[in-house]
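**Student:** Below: one structure in structure tokens.
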Amino acid sequence: MSPPEENDPHPPAPSVSGVLEAAVYARDLDAAERFYGGTLGLERIQRIGKRHVFFRAGAQVVLVFNPDETVKPPGNPRLPVPPHGAEGPGHLCLSASAEQIDRWRARLAAEGVAVEADFRWPNGARSIYFRDPAGNSLEIAEPWLWDR
């Protein structure tokens, strides 16, 4: 957390415990479901028609939204989620150990998914990059990539 400005009249921002969910956008939810549930083997939590499909990734959740549907006002007054969305490819990073990243490379190759980059960051952590069917940039990195 950054130190507060000396003359900042606002109360300090409370800390957060982590990222609970992250979203990517895909118009073809069938292809997204096959990729995230099949190729990546994530557990599907929920699918609502052509609007979204959600997956569990460890303790976090990956939300795959159809941008054409999430810009519409919600249809359920008990769940007043504001309209939202994004256009174009996004980015999502999953974490895995060095040994698991080697196994991921083999899995992705067997599934016909091209790895666009495989390298070590200046701190020595390894990342691989590839794309989902919607063109989102996905990364699998060693979990200590952002250690201080």
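Identifiers in the structure tokens: chain A, B, ... in order shown; residue index from 1 per chain; ligand index from 1 in order shown.
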Identify, on the basis of only C-alpha atoms, every residue whose closest approach to A:Arg126 does not exceed 7 Å; exclude the query and any residue fewer than 3 positions from it along the same chain; express the result as JSON, numbers by chain.

**Tutor:** {"A": [119, 120, 121, 141, 142]}

**Student:** Enumerate the residues of stretch 22-139 of chain A with a DSSP assignment of strand (DSSP E), computed from the backbone, and present them as a CSV table (one decimal) with C-alpha atoms, in the first residue's frame.

**Tutor:**
```csv
chain,number,residue,atom,x,y,z
A,22,ALA,CA,-10.9,-12.0,-12.9
A,23,ALA,CA,-12.8,-11.6,-16.2
A,24,VAL,CA,-12.1,-12.2,-19.8
A,25,TYR,CA,-14.6,-11.7,-22.7
A,43,GLU,CA,-14.0,-26.8,-13.0
A,44,ARG,CA,-17.1,-25.2,-14.4
A,45,ILE,CA,-19.1,-23.4,-11.7
A,46,GLN,CA,-22.0,-22.0,-13.7
A,47,ARG,CA,-23.2,-21.2,-17.2
A,48,ILE,CA,-26.1,-18.8,-18.0
A,52,HIS,CA,-21.4,-16.1,-19.2
A,53,VAL,CA,-19.6,-19.2,-18.0
A,54,PHE,CA,-17.6,-19.2,-14.8
A,55,PHE,CA,-14.7,-21.5,-13.7
A,56,ARG,CA,-12.8,-22.3,-10.5
A,57,ALA,CA,-9.0,-21.7,-10.7
A,60,GLN,CA,-10.1,-17.8,-7.4
A,61,VAL,CA,-12.7,-17.7,-10.1
A,62,VAL,CA,-12.3,-17.0,-13.9
A,63,LEU,CA,-15.3,-15.3,-15.3
A,64,VAL,CA,-15.9,-15.5,-19.1
A,65,PHE,CA,-18.5,-13.0,-20.2
A,91,HIS,CA,-5.1,-10.8,-20.3
A,92,LEU,CA,-5.3,-13.4,-17.5
A,93,CYS,CA,-2.3,-15.0,-15.6
A,94,LEU,CA,-2.6,-18.3,-13.8
A,95,SER,CA,0.1,-19.6,-11.5
A,117,ALA,CA,6.5,-17.0,-25.5
A,118,ASP,CA,8.4,-19.0,-22.9
A,119,PHE,CA,11.0,-17.0,-20.9
A,120,ARG,CA,12.3,-16.0,-17.5
A,126,ARG,CA,9.2,-18.3,-15.7
A,127,SER,CA,6.2,-17.4,-17.8
A,128,ILE,CA,4.5,-19.0,-20.8
A,129,TYR,CA,2.0,-17.1,-23.0
A,130,PHE,CA,-0.7,-18.5,-25.3
A,131,ARG,CA,-4.2,-17.5,-26.5
A,137,SER,CA,-3.6,-13.5,-23.9
A,138,LEU,CA,-3.2,-16.1,-21.2
A,139,GLU,CA,-0.1,-16.6,-19.1
```

**Student:** Using Å and a single decimal, report how far atom CA of A:Leu29 sits from atom CA of A:Gly88.

**Tutor:**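 It comes out at 15.2 Å.
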
**Student:** As an exercise, work out the distance from atom CA of A:Glu69 to atom CA of A:Leu40 in Å and give it to one decimal place.

**Tutor:**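 Atom CA of A:Leu40 lies at a distance of 24.3 Å from atom CA of A:Glu69.
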
**Student:** Mind pulling up the distance from atom CA of A:Thr39 to atom CA of A:Trp146?

**Tutor:**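 Atom-to-atom, atom CA of A:Trp146 and atom CA of A:Thr39 are spaced 26.2 Å apart.
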
**Student:** From the set A:Val71, A:Ala109, A:Leu42, A:Ala86, which residue has the shortest atom-to-atom contact distance to A:Asn136, counting only C-alpha atoms?

**Tutor:** A:Ala86

**Student:** Mind checking which residues fall within 10 Å of A:Thr70, counting only C-alpha atoms, ignoring those fewer than 2 positions away in the same chain, and posting them as a PyMOL selection string?

**Tutor:** chain A and resi 25+50-52+65-68+72-74+81-86
